file input10.csv (CSV, C-alpha atoms and all ligand atoms)
chain,number,residue,atom,x,y,z
A,67,MET,CA,47.5,-17.5,8.6
A,68,ILE,CA,48.9,-20.9,7.7
A,69,LEU,CA,49.3,-22.9,10.9
A,70,ILE,CA,50.2,-26.2,9.3
A,71,GLN,CA,53.9,-27.0,9.8
A,72,ARG,CA,55.7,-27.7,6.6
A,73,ILE,CA,59.3,-28.4,7.3
A,74,LYS,CA,60.5,-28.5,3.8
A,75,SER,CA,64.0,-29.8,3.9
A,76,CYS,CA,66.1,-31.9,6.3
A,77,PHE,CA,69.7,-32.9,6.6
A,78,HIS,CA,71.2,-30.4,4.2
A,79,PRO,CA,74.6,-31.5,2.8
A,80,VAL,CA,77.5,-29.3,3.6
A,81,ILE,CA,77.8,-26.6,1.0
A,82,LEU,CA,81.3,-25.3,0.5
A,83,LYS,CA,80.7,-22.6,-2.1
A,84,GLN,CA,79.0,-19.3,-1.5
A,85,VAL,CA,75.9,-18.8,-3.6
A,86,ALA,CA,74.3,-15.5,-4.1
A,87,MET,CA,70.6,-15.2,-3.3
A,88,TYR,CA,70.1,-12.8,-6.1
A,89,SER,CA,71.7,-13.6,-9.4
A,90,ALA,CA,70.7,-12.4,-12.9
A,91,ASN,CA,69.2,-15.7,-13.9
A,92,ILE,CA,66.5,-16.0,-11.2
A,93,ASN,CA,63.0,-14.6,-11.1
A,94,ILE,CA,63.8,-11.6,-8.9
A,95,LYS,CA,60.3,-10.2,-8.8
A,96,GLY,CA,59.0,-13.6,-7.6
A,97,ALA,CA,61.7,-13.9,-5.0
A,98,LEU,CA,61.0,-10.4,-3.5
A,99,GLU,CA,57.2,-11.1,-3.4
A,100,ASP,CA,57.8,-14.4,-1.5
A,101,PHE,CA,58.9,-12.3,1.5
A,102,SER,CA,55.4,-11.7,2.8
A,103,LEU,CA,54.3,-9.0,5.3
A,104,GLU,CA,50.8,-10.4,5.4
A,105,ALA,CA,50.0,-12.0,8.8
A,106,THR,CA,53.6,-12.6,9.5
A,107,THR,CA,54.4,-9.6,11.7
A,108,PHE,CA,55.1,-9.8,15.4
A,109,PRO,CA,55.6,-6.9,17.9
A,110,TYR,CA,59.0,-7.6,19.6
A,111,TYR,CA,57.3,-8.0,23.0
A,112,SER,CA,55.5,-11.0,21.5
A,113,PHE,CA,58.3,-12.2,19.2
A,114,VAL,CA,61.1,-12.5,21.7
A,115,PRO,CA,59.3,-14.6,24.4
A,116,ARG,CA,57.9,-16.9,21.6
A,117,LEU,CA,61.4,-17.3,20.3
A,118,TYR,CA,62.7,-18.1,23.7
A,119,ASN,CA,60.0,-20.8,24.2
A,120,PHE,CA,60.7,-22.1,20.7
A,121,CYS,CA,64.4,-22.5,21.7
A,122,ARG,CA,63.3,-24.3,24.9
A,123,SER,CA,61.1,-26.7,22.9
A,124,LEU,CA,64.3,-27.6,21.0
A,125,GLY,CA,66.1,-28.5,24.2
A,126,PHE,CA,68.0,-25.2,24.8
A,127,GLU,CA,69.1,-25.1,28.5
A,128,PRO,CA,67.9,-22.0,30.5
A,129,GLY,CA,70.8,-20.0,31.7
A,130,LYS,CA,73.2,-21.5,29.1
A,131,ILE,CA,71.8,-19.8,26.1
A,132,LEU,CA,73.9,-17.0,24.5
A,133,PRO,CA,71.8,-14.8,22.2
A,134,SER,CA,73.5,-12.7,19.5
A,135,ARG,CA,72.0,-9.9,17.4
A,136,ALA,CA,73.0,-8.8,13.9
A,137,PHE,CA,71.3,-5.5,13.6
A,138,CYS,CA,72.3,-2.1,12.2
A,139,SER,CA,73.9,0.3,14.6
A,140,ASP,CA,71.0,2.7,14.8
A,141,GLU,CA,69.7,3.7,18.2
A,142,ASN,CA,66.2,2.6,17.2
A,143,GLN,CA,67.5,-1.0,17.2
A,144,GLY,CA,68.0,-0.8,21.0
A,145,TYR,CA,64.5,-1.8,22.1
A,146,PRO,CA,64.8,-5.3,20.5
A,147,GLY,CA,68.2,-5.6,22.2
A,148,ILE,CA,66.7,-4.9,25.7
A,149,LEU,CA,64.0,-7.4,25.1
A,150,ILE,CA,66.5,-10.1,24.1
A,151,ALA,CA,68.4,-9.4,27.3
A,152,LYS,CA,65.3,-9.7,29.4
A,153,HIS,CA,64.1,-12.9,27.9
A,154,PHE,CA,67.3,-14.7,27.4
A,155,GLY,CA,69.0,-13.4,30.6
A,156,ALA,CA,72.1,-12.2,28.8
A,157,PHE,CA,72.9,-9.1,26.9
A,158,PRO,CA,73.2,-10.2,23.2
A,159,PHE,CA,76.6,-10.8,21.6
A,160,ASN,CA,77.1,-8.4,18.6
A,161,HIS,CA,77.1,-10.0,15.1
A,162,GLY,CA,75.9,-6.8,13.5
A,163,ARG,CA,77.4,-4.4,10.9
A,164,VAL,CA,75.8,-1.2,9.8
A,165,GLY,CA,73.0,-1.7,7.2
A,166,GLY,CA,71.9,-5.1,8.6
A,167,ILE,CA,75.0,-7.1,7.5
A,168,VAL,CA,76.0,-10.2,9.5
A,169,ALA,CA,79.6,-10.1,10.8
A,170,THR,CA,80.2,-13.8,9.9
A,171,ASP,CA,83.8,-13.4,11.2
A,172,ARG,CA,82.5,-13.3,14.8
A,173,HIS,CA,81.1,-16.8,14.9
A,174,GLY,CA,84.2,-18.0,16.8
A,175,PRO,CA,83.8,-15.9,20.0
A,176,HIS,CA,80.0,-16.4,19.9
A,177,ALA,CA,80.5,-20.2,19.8
A,178,GLU,CA,83.1,-20.0,22.6
A,179,HIS,CA,81.0,-17.9,25.0
A,180,GLY,CA,77.8,-20.0,25.1
A,181,LYS,CA,76.6,-23.6,25.2
A,182,ASP,CA,73.3,-23.1,23.3
A,183,LEU,CA,73.4,-20.3,20.7
A,184,ILE,CA,71.0,-18.1,18.9
A,185,ILE,CA,71.6,-15.4,16.3
A,186,ILE,CA,68.8,-12.9,15.5
A,187,HIS,CA,69.5,-11.0,12.3
A,188,ALA,CA,67.4,-8.2,10.8
A,189,SER,CA,67.6,-5.4,8.2
A,190,HIS,CA,65.4,-2.6,9.3
A,191,VAL,CA,63.0,0.0,7.8
A,192,GLY,CA,61.1,2.9,9.3
A,193,TYR,CA,57.3,3.0,9.3
A,194,ASP,CA,55.0,6.0,9.8
A,195,PRO,CA,51.7,4.8,11.2
A,196,GLU,CA,50.1,8.2,10.5
A,197,ASP,CA,50.2,7.7,6.7
A,198,GLY,CA,51.2,4.0,6.3
A,199,SER,CA,54.4,4.8,4.6
A,200,PHE,CA,57.7,2.9,4.9
A,201,GLY,CA,61.2,4.5,4.9
A,202,ASN,CA,61.1,7.5,7.2
A,203,TYR,CA,61.5,7.7,11.0
A,204,HIS,CA,61.0,10.6,13.4
A,205,ARG,CA,64.2,11.1,15.4
A,206,ARG,CA,62.9,12.0,18.8
A,207,HIS,CA,66.3,13.1,20.1
A,208,THR,CA,67.1,15.6,17.4
A,209,GLY,CA,66.8,19.3,18.1
A,210,HIS,CA,63.6,19.7,16.0
A,211,PHE,CA,62.1,16.2,16.0
A,212,GLU,CA,63.5,15.7,12.5
A,213,THR,CA,62.4,13.0,10.1
A,214,THR,CA,65.1,11.1,8.3
A,215,PRO,CA,65.4,7.9,6.3
A,216,SER,CA,65.5,4.5,8.1
A,217,CYS,CA,67.7,2.6,7.4
A,218,GLY,CA,70.0,5.6,6.8
A,219,LYS,CA,72.8,3.3,5.6
A,220,ILE,CA,70.6,1.6,3.0
A,221,HIS,CA,69.4,5.0,1.9
A,222,SER,CA,72.9,6.2,1.3
A,223,VAL,CA,73.5,3.1,-1.0
A,224,LEU,CA,70.2,3.7,-2.9
A,225,ASP,CA,70.7,7.4,-3.4
A,226,TRP,CA,72.9,7.1,-6.6
A,227,TYR,CA,70.6,4.4,-8.1
A,228,LEU,CA,67.5,6.5,-7.4
A,229,ASP,CA,69.1,9.5,-9.1
A,230,GLU,CA,70.0,7.4,-12.2
A,231,TYR,CA,66.4,6.0,-12.3
A,232,THR,CA,64.9,9.5,-12.0
A,233,PHE,CA,67.0,10.8,-14.8
A,234,ALA,CA,66.0,7.9,-17.1
A,235,LYS,CA,62.3,8.3,-16.3
A,236,GLU,CA,62.5,12.0,-17.3
A,237,ASN,CA,64.7,11.6,-20.3
A,238,ILE,CA,63.1,8.7,-22.2
A,239,PHE,CA,60.2,10.0,-24.3
A,240,LEU,CA,57.3,8.2,-25.9
A,241,HIS,CA,55.7,9.7,-29.0
A,242,CYS,CA,54.0,8.8,-32.3
A,243,GLN,CA,54.6,9.7,-35.9
A,244,ASN,CA,52.4,8.5,-38.8
A,245,ASN,CA,50.9,5.9,-36.5
A,246,GLU,CA,54.3,4.5,-35.6
A,247,LEU,CA,55.1,4.1,-31.9
A,248,LEU,CA,58.5,5.8,-31.2
A,249,VAL,CA,60.8,6.1,-28.3
A,250,SER,CA,63.5,8.8,-27.9
A,251,ILE,CA,66.3,8.1,-25.5
A,252,ASP,CA,68.9,10.5,-24.1
A,253,ASN,CA,72.5,9.9,-25.3
A,254,GLN,CA,73.7,9.7,-21.7
A,255,ILE,CA,71.6,6.6,-21.2
A,256,LEU,CA,72.6,5.1,-24.6
A,257,ASN,CA,76.3,5.6,-24.0
A,258,GLU,CA,77.7,2.1,-24.0
A,259,ASN,CA,81.2,3.2,-23.0
A,260,LYS,CA,80.2,4.6,-19.6
A,261,ILE,CA,81.7,2.8,-16.7
A,262,GLU,CA,78.8,3.3,-14.4
A,263,GLY,CA,75.1,4.2,-14.9
A,264,LEU,CA,71.7,2.9,-15.8
A,265,TYR,CA,71.5,1.0,-19.0
A,266,LEU,CA,68.5,-0.2,-21.0
A,267,HIS,CA,67.8,-3.8,-22.2
A,268,MET,CA,67.7,-2.4,-25.7
A,269,ASP,CA,66.5,-5.6,-27.3
A,270,ARG,CA,63.3,-5.4,-25.2
A,271,PHE,CA,63.0,-1.7,-25.7
A,272,VAL,CA,63.4,-1.0,-29.4
A,273,GLU,CA,62.9,-2.8,-32.7
A,274,GLY,CA,66.1,-4.6,-33.8
A,275,GLU,CA,67.6,-4.8,-37.3
A,276,LYS,CA,67.6,-8.1,-39.2
A,277,HIS,CA,71.3,-8.4,-39.0
A,278,GLY,CA,71.7,-7.1,-35.5
A,279,GLY,CA,71.9,-3.6,-34.0
A,280,PHE,CA,69.2,-1.0,-33.6
A,281,ARG,CA,68.5,1.4,-36.4
A,282,THR,CA,67.9,5.0,-35.3
A,283,ARG,CA,64.8,6.6,-36.9
A,284,ARG,CA,66.4,10.0,-36.2
A,285,ALA,CA,69.3,11.5,-34.4
A,286,TYR,CA,68.6,14.6,-32.3
A,287,SER,CA,71.2,16.8,-30.7
A,288,THR,CA,71.2,15.0,-27.4
A,289,SER,CA,69.1,11.9,-28.0
A,290,LYS,CA,68.1,9.3,-30.5
A,291,CYS,CA,64.8,8.1,-31.8
A,292,TYR,CA,63.9,4.5,-32.4
A,293,ALA,CA,60.8,2.4,-33.3
A,294,ALA,CA,59.4,0.9,-30.1
A,295,SER,CA,59.6,-2.9,-30.0
A,296,SER,CA,56.4,-5.0,-30.0
A,297,GLU,CA,57.5,-6.2,-26.5
A,298,LEU,CA,57.6,-2.7,-25.2
A,299,HIS,CA,54.2,-1.9,-26.8
A,300,ALA,CA,52.7,-5.0,-25.2
A,301,LEU,CA,54.3,-4.2,-21.8
A,302,LEU,CA,53.2,-0.6,-21.6
A,303,GLY,CA,49.9,-0.8,-23.6
A,304,ASP,CA,48.4,1.5,-26.2
A,305,THR,CA,47.6,4.3,-23.8
A,306,ALA,CA,51.2,4.9,-22.8
A,307,TRP,CA,51.9,6.8,-26.1
A,308,PRO,CA,50.3,10.3,-26.3
A,309,GLU,CA,48.2,11.2,-29.3
A,310,LYS,CA,50.1,14.5,-29.7
A,311,GLY,CA,53.5,15.6,-28.7
A,312,ARG,CA,55.7,13.5,-26.5
A,313,GLN,CA,55.8,12.5,-22.9
A,314,PRO,CA,58.4,11.1,-20.5
A,315,ILE,CA,58.1,7.4,-19.9
A,316,GLY,CA,58.0,8.1,-16.1
A,317,ASP,CA,56.9,5.2,-13.9
A,318,ARG,CA,56.3,3.1,-17.0
A,319,LEU,CA,60.1,2.5,-17.0
A,320,LEU,CA,59.5,-1.0,-15.5
A,321,PRO,CA,62.3,-3.0,-13.8
A,322,GLU,CA,62.3,-5.6,-16.6
A,323,LEU,CA,63.6,-3.0,-19.0
A,324,PHE,CA,66.8,-1.8,-17.4
A,325,GLY,CA,69.8,-2.6,-15.2
A,326,PHE,CA,72.8,-0.8,-13.6
A,327,LYS,CA,76.5,-0.8,-14.2
A,328,ARG,CA,78.2,0.0,-11.0
A,329,HIS,CA,81.6,-0.6,-9.5
A,330,VAL,CA,81.0,-2.0,-6.0
A,331,SER,CA,83.7,-1.8,-3.4
A,332,GLY,CA,84.3,-5.1,-1.7
A,333,ASP,CA,85.1,-3.2,1.6
A,334,PRO,CA,82.5,-4.2,4.2
A,335,GLU,CA,83.2,-1.0,6.1
A,336,THR,CA,82.0,1.2,3.2
A,337,HIS,CA,79.0,0.0,1.2
A,338,GLY,CA,80.6,-3.4,0.4
A,339,LEU,CA,78.4,-6.4,1.0
A,340,LEU,CA,75.3,-4.4,1.4
A,341,GLU,CA,75.6,-2.9,-2.1
A,342,GLU,CA,76.6,-6.3,-3.5
A,343,ASN,CA,73.4,-7.8,-2.0
A,344,LEU,CA,71.3,-5.0,-3.6
A,345,VAL,CA,72.7,-4.6,-7.1
A,346,ALA,CA,70.8,-7.5,-8.8
A,347,PRO,CA,67.4,-6.6,-7.4
A,348,MET,CA,68.1,-2.9,-7.7
A,349,PRO,CA,65.7,-2.2,-10.7
A,350,TRP,CA,62.9,-3.7,-8.6
A,351,ILE,CA,64.0,-1.7,-5.5
A,352,VAL,CA,64.2,1.7,-7.2
A,353,SER,CA,60.8,1.2,-9.0
A,354,SER,CA,58.9,-0.1,-5.9
A,355,LYS,CA,56.5,2.0,-3.9
A,356,PHE,CA,58.8,2.1,-0.9
A,357,PRO,CA,62.4,1.5,-2.1
A,358,LEU,CA,63.8,1.3,1.5
A,359,LEU,CA,61.3,-1.5,2.4
A,360,THR,CA,62.1,-3.5,-0.7
A,361,ALA,CA,65.8,-3.0,-0.2
A,362,ALA,CA,65.7,-4.1,3.5
A,363,GLN,CA,63.7,-7.2,2.5
A,364,ALA,CA,66.2,-8.1,-0.3
A,365,ASN,CA,69.1,-7.6,2.1
A,366,THR,CA,67.6,-9.8,4.7
A,367,GLN,CA,67.1,-12.6,2.1
A,368,ALA,CA,70.6,-12.3,0.8
A,369,GLU,CA,72.2,-12.2,4.2
A,370,PHE,CA,70.2,-15.2,5.5
A,371,ASP,CA,71.4,-17.2,2.5
A,372,ARG,CA,75.0,-16.1,2.8
A,373,THR,CA,75.2,-16.5,6.6
A,374,TYR,CA,73.4,-19.8,6.7
A,375,ARG,CA,76.3,-21.2,4.6
A,376,THR,CA,78.9,-19.9,7.0
A,377,VAL,CA,77.0,-21.2,10.1
A,378,VAL,CA,76.5,-24.7,8.6
A,379,ASN,CA,80.2,-25.0,7.8
A,380,PHE,CA,81.6,-23.4,11.0
A,381,LYS,CA,83.8,-25.8,13.0
A,382,GLU,CA,83.2,-24.3,16.4
A,383,TYR,CA,79.4,-24.5,15.9
A,384,VAL,CA,79.6,-28.3,15.4
A,385,GLY,CA,77.8,-30.2,18.2
A,386,LYS,CA,76.0,-27.1,19.5
A,387,ARG,CA,72.3,-26.2,19.5
A,388,ILE,CA,71.8,-23.3,17.2
A,389,VAL,CA,68.9,-21.2,16.0
A,390,PHE,CA,69.8,-18.5,13.4
A,391,ILE,CA,66.7,-16.5,12.4
A,392,SER,CA,66.6,-13.6,9.8
A,393,GLY,CA,63.8,-11.1,9.3
A,394,LEU,CA,62.9,-7.5,9.0
A,395,ASN,CA,62.7,-5.0,11.8
A,396,ILE,CA,60.0,-2.5,11.3
A,397,ASP,CA,60.8,0.6,13.3
A,398,ILE,CA,57.5,2.3,14.2
A,399,SER,CA,58.2,6.0,14.0
A,400,PRO,CA,57.5,7.5,17.5
A,401,HIS,CA,55.4,10.5,18.2
A,402,GLU,CA,57.0,13.4,20.0
A,403,ASN,CA,55.9,12.4,23.6
A,404,GLN,CA,56.5,8.7,23.3
A,405,MET,CA,58.9,7.5,25.9
A,406,TYR,CA,60.4,4.5,23.9
A,407,PRO,CA,60.1,3.4,20.3
A,408,LEU,CA,58.3,0.2,19.3
A,409,THR,CA,59.7,-2.3,16.8
A,410,TYR,CA,58.0,-5.2,14.9
A,411,PHE,CA,59.7,-8.3,13.5
A,412,VAL,CA,58.8,-10.1,10.3
A,413,PRO,CA,60.6,-13.5,10.1
A,414,TRP,CA,62.0,-14.5,6.7
A,415,ALA,CA,63.7,-17.9,7.5
A,416,ALA,CA,65.4,-19.8,10.3
A,417,PHE,CA,68.2,-22.4,10.5
A,418,VAL,CA,67.9,-24.9,13.3
A,419,GLN,CA,70.7,-27.2,14.3
A,420,LYS,CA,70.3,-29.9,17.0
A,421,ILE,CA,73.0,-31.1,19.3
A,422,ASP,CA,73.6,-34.2,17.1
A,423,ASN,CA,74.3,-31.7,14.2
A,424,ASN,CA,71.1,-32.6,12.3
A,425,HIS,CA,69.7,-29.3,10.9
A,426,ILE,CA,66.7,-27.9,9.1
A,427,VAL,CA,65.8,-24.7,7.3
A,428,LEU,CA,62.4,-23.3,8.2
A,429,GLU,CA,60.9,-21.2,5.4
A,430,GLN,CA,58.8,-18.1,6.3
A,431,ASP,CA,55.5,-20.0,6.6
A,432,ASP,CA,57.1,-22.6,8.8
A,433,ILE,CA,59.0,-20.3,11.2
A,434,VAL,CA,55.9,-18.1,11.6
A,435,ALA,CA,53.8,-21.2,12.4
A,436,ARG,CA,56.4,-22.4,14.9
A,437,LEU,CA,56.4,-19.1,16.6
A,438,LEU,CA,52.7,-18.8,16.8
A,439,GLU,CA,52.5,-22.2,18.5
A,440,GLN,CA,54.6,-20.9,21.4
A,441,ASN,CA,53.3,-19.2,24.5
A,442,GLU,CA,53.8,-15.5,24.8
A,443,ILE,CA,54.7,-15.9,28.5
A,444,ASN,CA,58.3,-16.6,29.3
A,445,PRO,CA,58.6,-18.1,32.8
A,446,ASP,CA,62.3,-17.4,32.8
A,447,GLU,CA,62.0,-13.7,31.9
A,448,LEU,CA,64.6,-11.6,33.8
A,449,ASN,CA,63.5,-8.6,35.9
A,450,LEU,CA,66.2,-6.2,34.7
A,451,GLU,CA,65.3,-3.5,37.1
A,452,GLY,CA,65.4,-6.0,40.0
A,453,ALA,CA,68.8,-7.3,38.8
A,454,ILE,CA,70.2,-3.8,38.6
A,455,GLN,CA,68.8,-3.0,42.1
A,456,LYS,CA,70.5,-6.1,43.5
A,457,MET,CA,73.8,-4.9,42.2
A,458,LYS,CA,73.2,-1.7,44.2
A,459,ASP,CA,72.1,-3.6,47.3
A,460,ASP,CA,75.0,-6.1,47.3
A,461,PRO,CA,78.3,-5.2,49.1
A,462,GLU,CA,80.5,-3.0,47.0
A,463,ILE,CA,83.5,-4.6,45.4
A,464,ASN,CA,86.8,-2.9,46.0
A,465,ILE,CA,88.8,-3.0,42.8
A,466,GLN,CA,92.4,-3.6,43.9
A,467,ILE,CA,94.8,-1.2,42.2
A,468,PRO,CA,97.7,-3.2,40.7
A,469,ALA,CA,100.9,-2.3,42.6
A,501,ZN,ZN,70.3,1.3,9.6
call {"tool": "encode", "arguments": {"input": "input10.csv", "output": "structure tokens"}}
result
Amino acid sequence: MILIQRIKSCFHPVILKQVAMYSANINIKGALEDFSLEATTFPYYSFVPRLYNFCRSLGFEPGKILPSRAFCSDENQGYPGILIAKHFGAFPFNHGRVGGIVATDRHGPHAEHGKDLIIIHASHVGYDPEDGSFGNYHRRHTGHFETTPSCGKIHSVLDWYLDEYTFAKENIFLHCQNNELLVSIDNQILNENKIEGLYLHMDRFVEGEKHGGFRTRRAYSTSKCYAASSELHALLGDTAWPEKGRQPIGDRLLPELFGFKRHVSGDPETHGLLEENLVAPMPWIVSSKFPLLTAAQANTQAEFDRTYRTVVNFKEYVGKRIVFISGLNIDISPHENQMYPLTYFVPWAAFVQKIDNNHIVLEQDDIVARLLEQNEINPDELNLEGAIQKMKDDPEINIQIPA
């Protein structure tokens, strides 16, 4: 664990234009790998008091802090909400849209309802401690303790892409003839006129002609055969091609070799922003060991970048203390007799604004180190049961019926 503070950037200029975290010209693999799960993971019962004490260290005033959460709507996001209420003494304002999207149009009322402000944002993913897998979650309240994907919304977005990827893995074949390495590709994948679907980066895949284009070695009834490019040969290695017959490319269809054409609806109530956030890194998502984990990480990164630019520009946030932190909620899949589910948090980045408007962005190492410095005990923690009991003990309020 790196404990040295490295606050990398101060006094950011106001940025007026939205910039996408993932665009085609960045090293997507590297950006995804920079979100580390190694020694960066906090159980919520430890994360929230540390976060409260971190806010206190920045001058946040007890009793005047309004927390907000930007979580998916799943019932398994409730435990973090309860802990936020206990430690900050207020039920969190709701900045969340399904799929872990931040409702940036709700900054106004959030700013109006509190003096010092915090937004905790997270995408989420299920985790099964029995087999160490990410993406599934036991739904304790279903009739037969069913196991379903978590996050279900992200899964519904990925479904189409995973089907396209599976089809391509099974319908691109590697084979040899007269010591020449060949690749046969289904016509559906090759169809350049299709409006939506997986497409190959053909220049990386097959040998090009001197004057452009790709000469087919042979046309079959539903596919075409090409000479494999030297780049594909180097990428997959000699052993990828069978000595006899042909074999599907399978998991060797690496993310560097393909992309997706997809019409993405701009409507935030359907897939909207979530799908927009995931389209560019999608080849790395569908080919990763746990697509729902990689997708949740990518969405967290994209949403932090997008939301940070709306917070830093927002008029009603000027002159207020703000902490905006993004991360990943890992929903530990409960066993059948467990009373309440457990959630872990992996911070990705945080934006901190002081009352004089100076602000900094803390990268993952920095925010993890700052949280680890804090005490796990919160002296201001609210006794929720006691507070509820007091409501019962106090004299009843008679609601006067309007005449
Ligand atoms: Zn969800």
call {"tool": "residues_around", "arguments": {"input": "input10.csv", "residues": "stretch 216-223 of chain A", "least_positions_apart": "5", "cutoff": "7 Å", "atoms": "all atoms listed in the file", "output": "number ranges by chain"}}
result
A: 164-165, 190-192, 201-203, 337, 341, 358
call {"tool": "closest_residue", "arguments": {"input": "input10.csv", "among": "A:Cys138, A:Leu132, A:Leu103, A:Ile433", "to": "A:Val168", "atoms": "all atoms listed in the file"}}
result
A:Cys138
call {"tool": "closest_residue", "arguments": {"input": "input10.csv", "among": "A:Ile94, A:Ala346, A:Leu359, A:Leu448", "to": "ligand ZN 501 (chain A)", "atoms": "only C-alpha atoms and all ligand atoms"}}
result
A:Leu359
call {"tool": "residues_around", "arguments": {"input": "input10.csv", "residues": "A:Gly279", "least_positions_apart": "5", "cutoff": "12 Å", "atoms": "only C-alpha atoms", "output": "list in words"}}
result
Met268, Asp269, Val272, Glu273, Gly274 and Tyr292 of chain A
call {"tool": "residues_around", "arguments": {"input": "input10.csv", "residues": "stretch 416-421 of chain A", "least_positions_apart": "4", "cutoff": "9 Å", "atoms": "only C-alpha atoms", "output": "number ranges by chain"}}
result
A: 124-125, 182, 370, 374, 377-378, 384-393, 425-430, 432-433
call {"tool": "closest_residue", "arguments": {"input": "input10.csv", "among": "A:Gly162, A:Gly316, A:Gly452, A:Gly180", "to": "ligand ZN 501 (chain A)", "atoms": "only C-alpha atoms and all ligand atoms"}}
result
A:Gly162
call {"tool": "residues_around", "arguments": {"input": "input10.csv", "residues": "A:Arg318", "least_positions_apart": "6", "cutoff": "8 Å", "atoms": "all atoms listed in the file", "output": "ChimeraX atom specification"}}
result
/A:235,302,306
call {"tool": "residues_near_point", "arguments": {"input": "input10.csv", "point": "(63.7, -11.2, 28.8)", "cutoff": "9 Å", "atoms": "only C-alpha atoms", "output": "list in words"}}
result
Val114, Pro115, Tyr118, Ile148, Leu149, Ile150, Ala151, Lys152, His153, Phe154, Gly155, Ala156, Asn444, Asp446, Glu447, Leu448, Asn449 and Leu450 of chain A
call {"tool": "residues_around", "arguments": {"input": "input10.csv", "residues": "A:Thr170", "least_positions_apart": "5", "cutoff": "10 Å", "atoms": "all atoms listed in the file", "output": "list of chain:residue names"}}
result
A:Ala136, A:His161, A:Gly162, A:Arg163, A:Glu369, A:Arg372, A:Thr373, A:Tyr374, A:Arg375, A:Thr376, A:Val377, A:Phe380
